[in-house]
$ cat structure-v4.cif   # mmCIF, C-alpha atoms and all ligand atoms
data_my_file
#
loop_
_atom_site.label_atom_id
_atom_site.label_comp_id
_atom_site.auth_asym_id
_atom_site.auth_seq_id
_atom_site.Cartn_x
_atom_site.Cartn_y
_atom_site.Cartn_z
CA MET Q 147 0.00 0.00 0.00
CA LYS Q 148 1.27 3.48 -0.82
CA THR Q 149 2.00 6.04 1.89
CA PRO Q 150 0.22 9.42 1.68
CA ASN Q 151 3.54 10.99 0.58
CA GLU Q 152 4.02 8.50 -2.28
CA LEU Q 153 0.41 8.97 -3.30
CA PHE Q 154 0.81 12.74 -3.23
CA SER Q 155 3.98 12.60 -5.43
CA ARG Q 156 2.13 10.41 -7.91
CA LEU Q 157 -0.88 12.72 -8.02
CA LYS Q 158 1.43 15.71 -8.49
CA LYS Q 159 2.99 14.13 -11.57
CA MET Q 160 -0.43 13.48 -13.07
CA MET Q 161 -1.80 16.95 -12.29
CA PRO Q 162 -1.74 19.66 -15.01
CA SER Q 163 0.69 22.43 -13.93
CA ASP Q 164 -2.04 25.09 -13.68
CA VAL Q 165 -4.10 23.05 -11.17
CA GLN Q 166 -3.64 24.05 -7.54
CA PRO Q 167 -4.29 21.03 -5.26
CA LYS Q 168 -6.08 21.51 -1.91
CA PHE Q 169 -3.03 19.94 -0.22
CA LYS Q 170 0.73 20.50 -0.50
CA ASN Q 171 2.14 17.28 0.96
CA GLY Q 172 1.23 13.76 2.06
CA ALA Q 173 0.14 14.83 5.57
CA GLU Q 174 -2.20 17.46 4.16
CA LEU Q 175 -3.57 14.92 1.66
CA LEU Q 176 -4.29 12.54 4.52
CA ALA Q 177 -6.01 15.31 6.56
CA TRP Q 178 -8.04 16.37 3.50
CA ASN Q 179 -9.09 12.79 2.89
CA GLN Q 180 -10.14 12.36 6.52
CA GLU Q 181 -12.10 15.63 6.43
CA GLN Q 182 -13.93 14.48 3.26
CA GLY Q 183 -14.78 11.21 5.01
CA ARG Q 184 -16.12 13.12 8.02
CA LEU Q 185 -18.24 15.42 5.80
CA ARG Q 186 -19.59 12.42 3.90
CA SER Q 187 -20.55 10.53 7.04
CA GLU Q 188 -22.23 13.66 8.45
CA ALA Q 189 -24.19 13.95 5.20
CA ILE Q 190 -25.24 10.29 5.51
CA VAL Q 191 -26.42 10.88 9.10
CA ARG Q 192 -28.42 13.91 7.89
CA GLU Q 193 -29.93 11.91 5.01
CA ASN Q 194 -30.87 9.07 7.37
CA ARG Q 195 -32.47 11.56 9.74
CA ALA Q 196 -34.46 13.14 6.90
CA MET Q 197 -35.54 9.68 5.70
CA LYS Q 198 -36.65 8.83 9.23
CA MET Q 199 -38.81 11.99 9.39
CA GLN Q 200 -40.22 11.04 6.00
CA ARG Q 201 -41.08 7.61 7.38
CA ILE Q 202 -42.69 9.01 10.54
CA MET Q 203 -44.85 11.71 8.98
CA GLY Q 204 -44.40 11.39 5.22
CA ARG Q 205 -42.63 14.77 5.07
CA SER Q 206 -39.63 16.60 6.45
CA GLY Q 207 -39.66 17.63 10.11
CA ILE Q 208 -40.64 21.27 9.59
CA ARG Q 209 -43.55 22.17 7.27
CA GLU Q 210 -42.68 24.13 4.16
CA LEU Q 211 -44.56 27.21 5.43
CA HIS Q 212 -42.17 27.47 8.38
CA MET Q 213 -38.91 26.29 6.85
CA ASN Q 214 -37.56 29.83 6.57
CA CYS Q 215 -38.69 31.03 10.00
CA SER Q 216 -35.74 32.17 12.05
CA PHE Q 217 -35.02 34.29 15.10
CA ASP Q 218 -33.72 37.01 12.78
CA ASN Q 219 -36.92 37.37 10.77
CA TYR Q 220 -39.22 37.47 13.82
CA ARG Q 221 -40.18 41.14 14.11
CA VAL Q 222 -40.23 42.73 17.53
CA GLU Q 223 -42.76 45.50 18.09
CA ASN Q 224 -43.69 45.05 21.76
CA ASP Q 225 -42.19 43.81 25.02
CA GLY Q 226 -43.99 40.48 24.88
CA GLN Q 227 -42.46 39.67 21.48
CA ARG Q 228 -39.03 40.83 22.68
CA LYS Q 229 -39.22 38.54 25.70
CA ALA Q 230 -40.59 35.59 23.70
CA LEU Q 231 -37.82 35.96 21.10
CA ALA Q 232 -35.08 36.22 23.74
CA MET Q 233 -36.38 33.17 25.60
CA ALA Q 234 -36.72 31.11 22.43
CA ARG Q 235 -33.15 32.00 21.44
CA GLU Q 236 -31.92 31.08 24.89
CA TYR Q 237 -33.83 27.79 24.77
CA ALA Q 238 -32.20 26.83 21.44
CA ALA Q 239 -28.73 27.86 22.65
CA GLY Q 240 -29.03 25.74 25.79
CA PHE Q 241 -30.65 22.73 24.11
CA GLU Q 242 -27.60 20.44 24.28
CA ASN Q 243 -28.05 17.93 27.16
CA SER Q 244 -31.13 19.80 28.37
CA ILE Q 245 -34.29 17.97 29.41
CA SER Q 246 -36.41 21.13 29.45
CA SER Q 247 -39.60 21.28 27.43
CA PHE Q 248 -41.46 24.38 26.26
CA VAL Q 249 -45.08 25.51 26.11
CA PHE Q 250 -46.06 28.43 23.86
CA SER Q 251 -49.68 29.32 24.53
CA GLY Q 252 -51.92 32.19 23.55
CA ARG Q 253 -53.68 34.01 20.76
CA PRO Q 254 -53.66 32.93 17.10
CA GLY Q 255 -51.15 34.40 14.67
CA THR Q 256 -48.80 35.69 17.36
CA GLY Q 257 -45.78 33.65 16.24
CA LYS Q 258 -45.87 30.48 18.34
CA ASN Q 259 -45.21 28.35 15.26
CA HIS Q 260 -42.71 30.88 13.93
CA LEU Q 261 -40.56 30.77 17.07
CA ALA Q 262 -40.96 26.98 17.47
CA ALA Q 263 -39.78 26.59 13.85
CA ALA Q 264 -36.92 29.04 14.50
CA ILE Q 265 -35.80 26.82 17.39
CA GLY Q 266 -36.24 23.75 15.17
CA ASN Q 267 -34.33 25.23 12.21
CA ASP Q 268 -31.51 26.28 14.52
CA LEU Q 269 -31.30 22.74 15.96
CA ILE Q 270 -31.45 21.08 12.52
CA ILE Q 271 -28.42 23.14 11.41
CA ARG Q 272 -26.68 21.81 14.52
CA GLY Q 273 -27.44 18.22 13.46
CA LYS Q 274 -30.48 17.54 15.68
CA SER Q 275 -33.67 15.79 14.55
CA VAL Q 276 -36.80 17.92 14.88
CA LEU Q 277 -40.45 17.21 14.13
CA ILE Q 278 -43.27 19.75 14.39
CA VAL Q 279 -46.63 18.06 14.06
CA THR Q 280 -50.29 18.94 14.69
CA VAL Q 281 -52.40 16.75 16.96
CA ALA Q 282 -54.63 15.98 13.95
CA ASP Q 283 -51.65 14.75 11.86
CA LEU Q 284 -50.35 12.78 14.82
CA MET Q 285 -53.69 11.04 15.25
CA SER Q 286 -54.11 10.29 11.57
CA SER Q 287 -50.61 8.72 11.50
CA MET Q 288 -51.43 6.69 14.61
CA LYS Q 289 -54.75 5.53 13.13
CA GLY Q 290 -52.97 4.77 9.82
CA THR Q 291 -50.98 2.07 11.61
CA PHE Q 292 -54.23 0.15 12.26
CA SER Q 293 -54.88 -0.44 8.56
CA GLY Q 294 -53.79 -3.81 7.24
CA GLY Q 295 -51.70 -2.23 4.45
CA SER Q 296 -49.35 -0.32 6.79
CA ASP Q 297 -46.00 -1.89 7.65
CA LEU Q 298 -45.56 0.64 10.47
CA THR Q 299 -46.95 -0.57 13.79
CA GLU Q 300 -48.41 1.69 16.48
CA GLU Q 301 -45.53 0.72 18.76
CA ARG Q 302 -42.90 1.53 16.09
CA LEU Q 303 -44.47 4.95 15.43
CA LEU Q 304 -44.61 5.72 19.16
CA HIS Q 305 -40.97 4.65 19.43
CA ASP Q 306 -39.92 6.91 16.52
CA LEU Q 307 -41.89 9.89 17.89
CA SER Q 308 -40.26 9.39 21.26
CA HIS Q 309 -36.75 9.37 19.83
CA VAL Q 310 -36.54 12.57 17.76
CA ASP Q 311 -34.38 15.11 19.59
CA LEU Q 312 -37.20 17.68 19.70
CA LEU Q 313 -40.86 16.92 19.06
CA VAL Q 314 -43.25 19.88 18.93
CA ILE Q 315 -46.98 19.14 19.17
CA ASP Q 316 -49.06 21.92 17.62
CA GLU Q 317 -52.77 22.79 17.87
CA ILE Q 318 -53.34 21.33 21.30
CA GLY Q 319 -56.95 22.09 22.21
CA MET Q 320 -58.26 22.06 18.62
CA GLN Q 321 -59.05 18.38 18.90
CA SER Q 322 -62.26 16.70 19.92
CA GLU Q 323 -60.99 15.80 23.39
CA SER Q 324 -61.08 12.09 22.53
CA ARG Q 325 -59.72 9.66 25.07
CA TYR Q 326 -57.41 8.10 22.48
CA GLU Q 327 -55.74 11.47 21.77
CA LYS Q 328 -55.21 12.03 25.46
CA VAL Q 329 -53.70 8.56 25.89
CA ILE Q 330 -51.35 8.99 22.91
CA ILE Q 331 -50.11 12.45 23.97
CA ASN Q 332 -49.69 11.08 27.49
CA GLN Q 333 -47.63 8.13 26.23
CA ILE Q 334 -45.44 10.26 23.98
CA VAL Q 335 -44.65 12.88 26.65
CA ASP Q 336 -44.14 10.14 29.23
CA ARG Q 337 -41.70 8.17 27.04
CA ARG Q 338 -39.86 11.31 25.98
CA SER Q 339 -39.46 12.68 29.48
CA SER Q 340 -38.26 9.33 30.82
CA SER Q 341 -35.59 9.23 28.14
CA LYS Q 342 -34.71 12.87 28.89
CA ARG Q 343 -36.01 14.20 25.58
CA PRO Q 344 -37.85 17.53 25.60
CA THR Q 345 -41.22 18.20 23.99
CA GLY Q 346 -42.67 21.48 22.76
CA MET Q 347 -46.40 22.26 22.92
CA LEU Q 348 -48.25 25.01 21.03
CA SER Q 349 -51.79 25.92 22.01
CA ASN Q 350 -54.44 28.61 22.02
CA LEU Q 351 -55.50 27.38 25.46
CA ASP Q 352 -54.06 28.89 28.61
CA PRO Q 353 -52.05 26.63 30.97
CA ALA Q 354 -55.17 25.90 33.07
CA GLY Q 355 -57.07 24.88 29.91
CA MET Q 356 -54.17 22.64 28.82
CA ASN Q 357 -54.13 21.12 32.28
CA SER Q 358 -57.80 20.24 32.18
CA LEU Q 359 -57.57 18.95 28.58
CA LEU Q 360 -54.43 16.81 28.86
CA GLY Q 361 -54.37 16.17 32.60
CA GLU Q 362 -52.04 17.23 35.36
CA ARG Q 363 -49.76 14.23 34.88
CA VAL Q 364 -48.70 15.28 31.34
CA MET Q 365 -48.42 18.97 32.16
CA ASP Q 366 -46.33 18.20 35.22
CA ARG Q 367 -43.84 16.34 32.99
CA MET Q 368 -43.70 19.43 30.77
CA ARG Q 369 -42.29 21.28 33.81
CA LEU Q 370 -39.19 19.07 34.11
CA GLY Q 371 -35.94 21.00 34.43
CA ASN Q 372 -35.73 24.64 33.54
CA SER Q 373 -38.79 24.50 31.28
CA LEU Q 374 -40.02 27.42 29.24
CA TRP Q 375 -43.65 28.64 29.39
CA VAL Q 376 -44.44 31.68 27.29
CA ARG Q 377 -47.78 33.50 26.92
CA PHE Q 378 -48.33 35.05 23.48
CA ASP Q 379 -50.98 37.65 24.26
CA TRP Q 380 -50.61 40.34 21.60
CA GLU Q 381 -52.36 41.02 18.27
CA SER Q 382 -52.16 38.51 15.41
CA TYR Q 383 -49.48 39.18 12.79
CA ARG Q 384 -51.32 37.20 10.09
CA SER Q 385 -52.95 40.11 8.25
CA ARG Q 386 -49.46 41.46 7.59
CA VAL Q 387 -48.04 38.28 6.07
CA ARG Q 388 -47.58 38.74 2.32
CA GLY Q 389 -46.03 35.36 1.71
CA ASP Q 390 -42.81 36.57 0.12
CA GLU Q 391 -40.94 37.92 3.14
CA TYR Q 392 -38.93 34.79 3.88
N1 LIG Q 401 -43.35 38.91 15.10
C1 LIG Q 401 -43.44 38.36 13.89
N2 LIG Q 401 -42.54 38.70 12.93
C2 LIG Q 401 -42.61 38.15 11.71
N3 LIG Q 401 -43.54 37.26 11.33
C3 LIG Q 401 -44.45 36.88 12.24
C4 LIG Q 401 -44.44 37.39 13.57
N4 LIG Q 401 -45.46 36.83 14.24
C5 LIG Q 401 -46.06 35.97 13.41
N5 LIG Q 401 -45.47 36.01 12.19
C6 LIG Q 401 -45.88 35.30 10.98
O1 LIG Q 401 -47.30 35.28 11.00
C7 LIG Q 401 -47.81 34.02 10.57
C8 LIG Q 401 -48.61 33.38 11.70
O2 LIG Q 401 -47.72 33.09 12.78
P1 LIG Q 401 -47.68 31.68 13.48
O3 LIG Q 401 -48.11 30.62 12.53
O4 LIG Q 401 -46.37 31.53 14.13
O5 LIG Q 401 -48.83 31.92 14.56
P2 LIG Q 401 -49.34 30.98 15.74
O6 LIG Q 401 -49.19 31.79 16.98
O7 LIG Q 401 -48.69 29.68 15.70
O8 LIG Q 401 -50.89 30.90 15.36
P3 LIG Q 401 -52.00 29.77 15.62
O9 LIG Q 401 -52.25 29.73 17.10
O10 LIG Q 401 -53.19 30.29 14.87
O11 LIG Q 401 -51.48 28.48 15.07
C9 LIG Q 401 -46.60 33.18 10.19
O12 LIG Q 401 -46.40 33.33 8.80
C10 LIG Q 401 -45.44 33.83 10.97
O13 LIG Q 401 -44.21 33.66 10.30
#
$ encode --input "structure-v4.cif" --output "structure tokens"
Amino acid sequence: MKTPNELFSRLKKMMPSDVQPKFKNGAELLAWNQEQGRLRSEAIVRENRAMKMQRIMGRSGIRELHMNCSFDNYRVENDGQRKALAMAREYAAGFENSISSFVFSGRPGTGKNHLAAAIGNDLIIRGKSVLIVTVADLMSSMKGTFSGGSDLTEERLLHDLSHVDLLVIDEIGMQSESRYEKVIINQIVDRRSSSKRPTGMLSNLDPAGMNSLLGERVMDRMRLGNSLWVRFDWESYRSRVRGDEY
């Protein structure tokens, strides 16, 4: 087998004189090669993660509408927004090894999804797996596992949902208060908190409403660690969305 130096000399002879290689000697060639290997394996991990999201929900982890939401394009026009933005940024920055969940509750159109997606997009760039899903989508995926044609079992889906680094459950309180929904959300939050994985919840209900809908047991688990509870109680931003801003 050739040493990196021998390989480099050979490559140099073959290279046209006007081509500048990314390395100047055998050691640099070896380092470059190792770096390429690292980049490739990172890309494979990312692809696998994306494929896993595709398998869980049939789409990528963050819906297209929110893929470009970031902390930087969240506009601040009042103290509530300023505080919510700062806390969301802080949450994302301290995510590593944290068990803390978050609850964004309040009025429609105030940016709960925007800031949850900003956290998610920030984490995805840092190599984490993130899934933002509505209760309705969650339930239809769960019910889909009952059909004979599905090769995904209820247990497998619950396992996958419990193992993404951050799972955000949206539209809590929009559902029909069915017992099955309550049981599933209970199981997911329970499994995630026991394996030290945080969950995000977005809702138009206030914390007391969430408590009576989902039960004290679930909401108590949402308080593990230094959890983040933010009230979004300002005017909706929706009438100002043009659709081309980000
Ligand atoms: N402060 C803001 N700056 C920029 N865009 C914003 C801001 N607040 C909300 N938006 C935008 O307004 C739209 C609605 O916001 P979002 O979906 O986050 O609301 P929400 O609080 O989750 O509403 P709902 O409770 O109805 O689901 C989105 O396109 C979002 O990007």
$ residues_around --input "structure-v4.cif" --residues "stretch 152-169 of chain Q" --least-positions-apart "6" --cutoff "10 Å" --atoms "only C-alpha atoms" --output "short mmCIF file (atom, residue, chain, number, x, y, z; two decimals) with C-alpha atoms, in the frame of the given file"
data_model
loop_
_atom_site.label_atom_id
_atom_site.label_comp_id
_atom_site.auth_asym_id
_atom_site.auth_seq_id
_atom_site.Cartn_x
_atom_site.Cartn_y
_atom_site.Cartn_z
CA LEU Q 175 -3.57 14.92 1.66
CA LEU Q 176 -4.29 12.54 4.52
CA ALA Q 177 -6.01 15.31 6.56
CA TRP Q 178 -8.04 16.37 3.50
CA ASN Q 179 -9.09 12.79 2.89
#
$ residues_near_ligand --input "structure-v4.cif" --ligand "ligand LIG 401 (chain Q)" --cutoff "8 Å" --atoms "only C-alpha atoms and all ligand atoms" --output "PDB file with C-alpha atoms, in the coordinates of the input"
ATOM      1  CA  LEU Q 211     -44.560  27.210   5.430  1.00  0.00           C
ATOM      2  CA  HIS Q 212     -42.170  27.470   8.380  1.00  0.00           C
ATOM      3  CA  CYS Q 215     -38.690  31.030  10.000  1.00  0.00           C
ATOM      4  CA  ASN Q 219     -36.920  37.370  10.770  1.00  0.00           C
ATOM      5  CA  TYR Q 220     -39.220  37.470  13.820  1.00  0.00           C
ATOM      6  CA  ARG Q 221     -40.180  41.140  14.110  1.00  0.00           C
ATOM      7  CA  VAL Q 222     -40.230  42.730  17.530  1.00  0.00           C
ATOM      8  CA  GLU Q 223     -42.760  45.500  18.090  1.00  0.00           C
ATOM      9  CA  GLN Q 227     -42.460  39.670  21.480  1.00  0.00           C
ATOM     10  CA  SER Q 251     -49.680  29.320  24.530  1.00  0.00           C
ATOM     11  CA  GLY Q 252     -51.920  32.190  23.550  1.00  0.00           C
ATOM     12  CA  ARG Q 253     -53.680  34.010  20.760  1.00  0.00           C
ATOM     13  CA  PRO Q 254     -53.660  32.930  17.100  1.00  0.00           C
ATOM     14  CA  GLY Q 255     -51.150  34.400  14.670  1.00  0.00           C
ATOM     15  CA  THR Q 256     -48.800  35.690  17.360  1.00  0.00           C
ATOM     16  CA  GLY Q 257     -45.780  33.650  16.240  1.00  0.00           C
ATOM     17  CA  LYS Q 258     -45.870  30.480  18.340  1.00  0.00           C
ATOM     18  CA  ASN Q 259     -45.210  28.350  15.260  1.00  0.00           C
ATOM     19  CA  HIS Q 260     -42.710  30.880  13.930  1.00  0.00           C
ATOM     20  CA  LEU Q 261     -40.560  30.770  17.070  1.00  0.00           C
ATOM     21  CA  ALA Q 262     -40.960  26.980  17.470  1.00  0.00           C
ATOM     22  CA  ASP Q 316     -49.060  21.920  17.620  1.00  0.00           C
ATOM     23  CA  GLU Q 317     -52.770  22.790  17.870  1.00  0.00           C
ATOM     24  CA  LEU Q 348     -48.250  25.010  21.030  1.00  0.00           C
ATOM     25  CA  SER Q 349     -51.790  25.920  22.010  1.00  0.00           C
ATOM     26  CA  ASN Q 350     -54.440  28.610  22.020  1.00  0.00           C
ATOM     27  CA  PHE Q 378     -48.330  35.050  23.480  1.00  0.00           C
ATOM     28  CA  SER Q 382     -52.160  38.510  15.410  1.00  0.00           C
ATOM     29  CA  TYR Q 383     -49.480  39.180  12.790  1.00  0.00           C
ATOM     30  CA  ARG Q 384     -51.320  37.200  10.090  1.00  0.00           C
ATOM     31  CA  SER Q 385     -52.950  40.110   8.250  1.00  0.00           C
ATOM     32  CA  ARG Q 386     -49.460  41.460   7.590  1.00  0.00           C
ATOM     33  CA  VAL Q 387     -48.040  38.280   6.070  1.00  0.00           C
ATOM     34  CA  GLY Q 389     -46.030  35.360   1.710  1.00  0.00           C
TER      35      GLY Q 389
END
$ closest_residue --input "structure-v4.cif" --among "Q:Ile190, Q:Leu351, Q:Val249, Q:Leu284" --to "Q:Leu304" --atoms "all atoms listed in the file"
Q:Leu284
$ axis_aligned_box --input "structure-v4.cif" --around "stretch 374-390 of chain Q" --padding-each-side "4 Å" --output "JSON"
{"center_x": -46.5, "center_y": 34.4, "center_z": 14.8, "size_x": 20.9, "size_y": 22.0, "size_z": 37.3}
$ atom_distance --input "structure-v4.cif" --atom1 "atom CA of Q:Arg228" --atom2 "atom CA of Q:Gly355"
25.1 Å
$ closest_residue --input "structure-v4.cif" --among "Q:Ile334, Q:Leu360, Q:Ile315, Q:Ala234" --to "Q:Gly346" --atoms "all atoms listed in the file"
Q:Ile315
$ closest_residue --input "structure-v4.cif" --among "Q:Tyr392, Q:Lys342, Q:His309, Q:Arg367" --to "Q:Ser244" --atoms "only C-alpha atoms"
Q:Lys342
$ atom_distance --input "structure-v4.cif" --atom1 "atom CA of Q:Glu300" --atom2 "atom CA of Q:Ser286"
11.4 Å
$ closest_residue --input "structure-v4.cif" --among "Q:Ile278, Q:Met347, Q:Leu312, Q:Val191" --to "Q:Ile245" --atoms "all atoms listed in the file"
Q:Leu312
$ build_atoms --input "structure-v4.cif" --residues "stretch 154-171 of chain Q" --atoms "N, CA and C atoms" --output "PDB file, keeping the file's coordinate frame"
ATOM      1  N   PHE Q 154       0.799  11.322  -2.882  1.00  0.00           N
ATOM      2  CA  PHE Q 154       0.810  12.740  -3.230  1.00  0.00           C
ATOM      3  C   PHE Q 154       1.765  13.010  -4.396  1.00  0.00           C
ATOM      4  N   SER Q 155       2.997  12.410  -4.344  1.00  0.00           N
ATOM      5  CA  SER Q 155       3.980  12.600  -5.430  1.00  0.00           C
ATOM      6  C   SER Q 155       3.401  12.112  -6.746  1.00  0.00           C
ATOM      7  N   ARG Q 156       2.703  10.966  -6.692  1.00  0.00           N
ATOM      8  CA  ARG Q 156       2.130  10.410  -7.910  1.00  0.00           C
ATOM      9  C   ARG Q 156       1.055  11.324  -8.491  1.00  0.00           C
ATOM     10  N   LEU Q 157       0.192  11.811  -7.570  1.00  0.00           N
ATOM     11  CA  LEU Q 157      -0.880  12.720  -8.020  1.00  0.00           C
ATOM     12  C   LEU Q 157      -0.299  13.979  -8.640  1.00  0.00           C
ATOM     13  N   LYS Q 158       0.805  14.474  -8.019  1.00  0.00           N
ATOM     14  CA  LYS Q 158       1.430  15.710  -8.490  1.00  0.00           C
ATOM     15  C   LYS Q 158       1.923  15.566  -9.931  1.00  0.00           C
ATOM     16  N   LYS Q 159       2.475  14.378 -10.210  1.00  0.00           N
ATOM     17  CA  LYS Q 159       2.990  14.130 -11.570  1.00  0.00           C
ATOM     18  C   LYS Q 159       1.849  14.122 -12.578  1.00  0.00           C
ATOM     19  N   MET Q 160       0.695  13.614 -12.137  1.00  0.00           N
ATOM     20  CA  MET Q 160      -0.430  13.480 -13.070  1.00  0.00           C
ATOM     21  C   MET Q 160      -1.170  14.805 -13.268  1.00  0.00           C
ATOM     22  N   MET Q 161      -1.008  15.715 -12.286  1.00  0.00           N
ATOM     23  CA  MET Q 161      -1.800  16.950 -12.290  1.00  0.00           C
ATOM     24  C   MET Q 161      -1.297  17.961 -13.319  1.00  0.00           C
ATOM     25  N   PRO Q 162      -2.198  18.593 -14.112  1.00  0.00           N
ATOM     26  CA  PRO Q 162      -1.740  19.660 -15.010  1.00  0.00           C
ATOM     27  C   PRO Q 162      -1.092  20.778 -14.180  1.00  0.00           C
ATOM     28  N   SER Q 163      -0.089  21.472 -14.742  1.00  0.00           N
ATOM     29  CA  SER Q 163       0.690  22.430 -13.930  1.00  0.00           C
ATOM     30  C   SER Q 163      -0.149  23.598 -13.418  1.00  0.00           C
ATOM     31  N   ASP Q 164      -1.254  23.939 -14.130  1.00  0.00           N
ATOM     32  CA  ASP Q 164      -2.040  25.090 -13.680  1.00  0.00           C
ATOM     33  C   ASP Q 164      -3.059  24.725 -12.587  1.00  0.00           C
ATOM     34  N   VAL Q 165      -3.130  23.444 -12.205  1.00  0.00           N
ATOM     35  CA  VAL Q 165      -4.100  23.050 -11.170  1.00  0.00           C
ATOM     36  C   VAL Q 165      -3.458  23.170  -9.787  1.00  0.00           C
ATOM     37  N   GLN Q 166      -4.131  23.905  -8.914  1.00  0.00           N
ATOM     38  CA  GLN Q 166      -3.640  24.050  -7.540  1.00  0.00           C
ATOM     39  C   GLN Q 166      -4.333  23.034  -6.636  1.00  0.00           C
ATOM     40  N   PRO Q 167      -3.623  22.013  -6.125  1.00  0.00           N
ATOM     41  CA  PRO Q 167      -4.290  21.030  -5.260  1.00  0.00           C
ATOM     42  C   PRO Q 167      -4.675  21.638  -3.907  1.00  0.00           C
ATOM     43  N   LYS Q 168      -5.633  21.013  -3.220  1.00  0.00           N
ATOM     44  CA  LYS Q 168      -6.080  21.510  -1.910  1.00  0.00           C
ATOM     45  C   LYS Q 168      -5.087  21.113  -0.823  1.00  0.00           C
ATOM     46  N   PHE Q 169      -4.026  20.385  -1.208  1.00  0.00           N
ATOM     47  CA  PHE Q 169      -3.030  19.940  -0.220  1.00  0.00           C
ATOM     48  C   PHE Q 169      -1.639  20.047  -0.834  1.00  0.00           C
ATOM     49  N   LYS Q 170      -0.627  20.273   0.028  1.00  0.00           N
ATOM     50  CA  LYS Q 170       0.730  20.500  -0.500  1.00  0.00           C
ATOM     51  C   LYS Q 170       1.674  19.365  -0.188  1.00  0.00           C
ATOM     52  N   ASN Q 171       1.282  18.418   0.649  1.00  0.00           N
ATOM     53  CA  ASN Q 171       2.140  17.280   0.960  1.00  0.00           C
ATOM     54  C   ASN Q 171       1.281  16.094   1.415  1.00  0.00           C
TER      55      ASN Q 171
END
